[in-house]
There are 2 protein chains.
Amino acid sequence: MAGFDAEGTAQSLERALGLVTPYVHRTPVMSSKQLDGLSGAQLFFKCENFQRGGSYKIRGATHALLRLKEQREIRAVVTHSSGNFAQALSLGAQSLGMEAHIVMPENAPRVKREAVAAYGGRIVLCKPTLEAREAEAARIGRETGAVFIHPSNDPMVLLGQGTACMELLAEVPDLDVVVAPVGGGGLLAGTSLATACFGYDCEPVGAEPMAVDDAYRSLQSGRIEQNERTDTVADGLRTVLGSHTFPVIRQHVRTIIRVEEDEIISAMRLVWERMKIVIEPSSAVAFAAVLKEPGRFRGKRTGILVSGGNVDLGDLPF
Amino acid sequence: MAGFDAEGTAQSLERALGLVTPYVHRTPVMSSKQLDGLSGAQLFFKCENFQRGGSYKIRGATHALLRLKEQREIRAVVTHSSGNFAQALSLGAQSLGMEAHIVMPENAPRVKREAVAAYGGRIVLCKPTLEAREAEAARIGRETGAVFIHPSNDPMVLLGQGTACMELLAEVPDLDVVVAPVGGGGLLAGTSLATACFGYDCEPVGAEPMAVDDAYRSLQSGRIEQNERTDTVADGLRTVLGSHTFPVIRQHVRTIIRVEEDEIISAMRLVWERMKIVIEPSSAVAFAAVLKEPGRFRGKRTGILVSGGNVDLGDLPF
């Protein structure tokens, strides 16, 4: 990761923030005395559930699109995702007058397909395997000239995701720790770069479902580990680290806290009930990690990246 | 209502706002391009779901307590409520070092009892009839000297509730219309006074479930009407207007829009899904009214009082 030396990274992040700012909401930072009392920490929730498209993913998508556009004329992009990045890339491309082809598994929920279509994304269905998704995306790239953008494992995507933590640190500069959920690792990698460049002795911590703890195991083994199961309620975190996200996380992140399914659901319910905001299970993983290891966070000024709020209200876990 | 002449009312409202401000959150005003598009109006949601105690009721409760305290030493207050006012009065009394006795029907949900207890309220259970509630509150007043405060039908309570709309108008001064749900009428009465004193040609509109449309019928008949049923999902709006709220509403409110149960649930779901905030059914009634009569609101700068966010997540209507 030659591109991520200290000074160069700070400049790259500043540039990313400048580029995406006209296209993203400056989301609020919320706090809750009740949840401070419950956790023993002083919590600052960066509410990317209020972001355009319902998650932080618009940051990385827009940054990647704008950087591509600087280099050459781009008319179309393609990705494979059934989740928040599909909506984000559709929305980002629409804002910039580009086409977005979205390869989705044919069993993707109707509500997600509708959201992508509403943002102008062109949906291509395929068999629900990683191989089929990659093959279909490659075919579309060949046939239409669309440029492939990976949902997480892309330097420009992860720099864009880091802008959420930059905004959080601009508002609450003296955070002791920032907790981000980890799936593909784009948010945690970007967050860890942001804390390294703009925090004052601020530690980035990852939070991961026990059922898909590839990032935890990858940090232990020193190589990218896979998951043997994907049965977590945190549907945004079923993916694994990649060649761009893993080295950054390995360099900057010492701690990944793993949480059980019931802990995720209970943390999600607490936030809905006490803070009156809708957050998705993947976001609840970060708060669940704080509740799970209170000793680590007691009295600390703790940022929590609320990654998104896209939930199927017809299929809630409580 | 001799107390509510134009100049005196503006002064009373200003005074109420000054008194309650140290004890309440200045809640945010949120907007949503998606919901603007759906409704055809320009919507400004005053988010009292983020208020202390989860609803606007802390405003009226605190104002009544502070005004009482100015007159004489008060050690205890009593009310009968199984809803948001019970929590609000408990919380307000706790902040001011007073005791709050809360008469609740013995079939009140456990979650509501726990919330009142958490805020330091002393719960007294009684049979689930209005007569039993009133008798029990009167007995507590006699035996303990606690002063009775009605959840809505009290001039000081309704002035306090008007401070939510004052804050909304301070932030968005050129609103054409403000929509408030109506149950006991405290919020709508206070809101209508605020629009009359501080709006620029701003119309207050009430929103009410069809199943408990006593306020609609009261405006038509010119006297306080009752409800023959209480089976609405909007549990905060089952009560009827009173001797203090009705005259104010009659003087200032021309329009009450009635909505069906499915319209309430659908509006609530839309707000949760698109705005990512948890609002209670009674709050959704106001947004449902805007969706029901789009012609009335098209192109108008429309304030919506989101009255609260206290919902039993284990018993959702969708």
# chains A, B, ... in the order shown; residues from 1 in each chain; ligands from 1
>>> interface_residues(of="chain B", to="chain A", cutoff="9 Å", atoms="only C-alpha atoms", output="list in words")
Asn49, Phe50, Gly54, Arg269, Trp272, Glu273, Arg274, Met275, Lys276, Ile277, Val278, Ile279, Gly309, Asn310, Val311, Asp312, Leu313, Gly314 and Phe318 of chain B
>>> write_last_selection(atoms="C-alpha atoms", output="PDB file, in the first residue's frame")
ATOM      1  CA  ASN B  49     -39.574  11.997  19.229  1.00  0.00           C
ATOM      2  CA  PHE B  50     -36.014  12.987  20.203  1.00  0.00           C
ATOM      3  CA  GLY B  54     -39.602  10.534  24.102  1.00  0.00           C
ATOM      4  CA  ARG B 269     -43.839   2.980   7.911  1.00  0.00           C
ATOM      5  CA  TRP B 272     -39.358   4.922   9.456  1.00  0.00           C
ATOM      6  CA  GLU B 273     -38.175   3.633   6.066  1.00  0.00           C
ATOM      7  CA  ARG B 274     -37.314   6.886   4.358  1.00  0.00           C
ATOM      8  CA  MET B 275     -36.290   9.159   7.233  1.00  0.00           C
ATOM      9  CA  LYS B 276     -34.811   6.418   9.457  1.00  0.00           C
ATOM     10  CA  ILE B 277     -36.480   7.810  12.556  1.00  0.00           C
ATOM     11  CA  VAL B 278     -38.781   6.022  14.989  1.00  0.00           C
ATOM     12  CA  ILE B 279     -42.081   7.865  15.366  1.00  0.00           C
ATOM     13  CA  GLY B 309     -41.339   8.136  19.449  1.00  0.00           C
ATOM     14  CA  ASN B 310     -42.502   5.837  22.220  1.00  0.00           C
ATOM     15  CA  VAL B 311     -43.397   2.583  20.500  1.00  0.00           C
ATOM     16  CA  ASP B 312     -43.495  -0.981  21.757  1.00  0.00           C
ATOM     17  CA  LEU B 313     -41.103  -2.634  19.286  1.00  0.00           C
ATOM     18  CA  GLY B 314     -42.481  -6.003  20.308  1.00  0.00           C
ATOM     19  CA  PHE B 318     -46.341  -3.892  10.375  1.00  0.00           C
TER      20      PHE B 318
END
>>> residues_around(residues="region 38-41 of chain B", least_positions_apart="5", cutoff="10 Å", atoms="only C-alpha atoms", output="JSON, numbers by chain")
{"B": [32, 33, 287, 288, 290, 291, 292, 293, 294, 295, 296, 297, 298, 299, 300, 301, 302, 303]}
>>> atom_distance(atom1="CA of Ser31 (chain B)", atom2="CA of Ile264 (chain B)")
19.3 Å
>>> select_by_dssp(residues="region 135-302 of chain A", states="strand (DSSP E)", output="NGL selection string")
:A and (147-148 or 177-181 or 203-209 or 255-259 or 301-302)
>>> write_last_selection(atoms="C-alpha atoms", output="mmCIF file, in the first residue's frame")
data_model
loop_
_atom_site.group_PDB
_atom_site.id
_atom_site.type_symbol
_atom_site.label_atom_id
_atom_site.label_comp_id
_atom_site.auth_asym_id
_atom_site.auth_seq_id
_atom_site.Cartn_x
_atom_site.Cartn_y
_atom_site.Cartn_z
ATOM 1 C CA VAL A 147 -15.723 0.299 -15.481
ATOM 2 C CA PHE A 148 -15.873 -2.153 -12.579
ATOM 3 C CA VAL A 177 -11.652 5.565 20.209
ATOM 4 C CA VAL A 178 -13.818 5.077 17.116
ATOM 5 C CA VAL A 179 -15.684 1.817 16.546
ATOM 6 C CA ALA A 180 -16.622 0.724 13.029
ATOM 7 C CA PRO A 181 -18.280 -2.480 11.846
ATOM 8 C CA GLU A 203 -7.761 4.211 18.472
ATOM 9 C CA PRO A 204 -9.761 2.581 15.664
ATOM 10 C CA VAL A 205 -11.595 -0.571 16.772
ATOM 11 C CA GLY A 206 -13.401 -3.044 14.535
ATOM 12 C CA ALA A 207 -16.642 -4.804 15.419
ATOM 13 C CA GLU A 208 -17.664 -8.043 13.776
ATOM 14 C CA PRO A 209 -20.334 -10.730 14.138
ATOM 15 C CA THR A 255 -8.527 -4.764 18.127
ATOM 16 C CA ILE A 256 -11.576 -6.377 16.588
ATOM 17 C CA ILE A 257 -14.384 -7.224 18.998
ATOM 18 C CA ARG A 258 -16.703 -10.083 18.081
ATOM 19 C CA VAL A 259 -20.361 -10.157 19.098
ATOM 20 C CA ARG A 301 -15.033 9.426 24.456
ATOM 21 C CA THR A 302 -16.185 6.826 21.973
#
>>> residues_around(residues="region 214-220 of chain A", least_positions_apart="3", cutoff="10 Å", atoms="only C-alpha atoms", output="number ranges by chain")
A: 182-185, 206-211, 223-228, 238-242, 246-247, 249-251, 253-258
>>> select_by_dssp(residues="region 98-248 of chain B", states="alpha helix (DSSP H)", output="ChimeraX atom specification")
/B:110-118,130-144,155-171,186-198,214-221,245-248
>>> residues_around(residues="Gly186 (chain A)", least_positions_apart="2", cutoff="12 Å", atoms="only C-alpha atoms", output="PyMOL selection string")
chain A and resi 56-57+59-61+85+150-164+180-184+188-193+206+215+236-237+239-249+307
>>> residues_around(residues="Lys46 (chain B)", least_positions_apart="5", cutoff="9 Å", atoms="only C-alpha atoms", output="ChimeraX atom specification")
/B:27-30,164-165,167-168,303-307
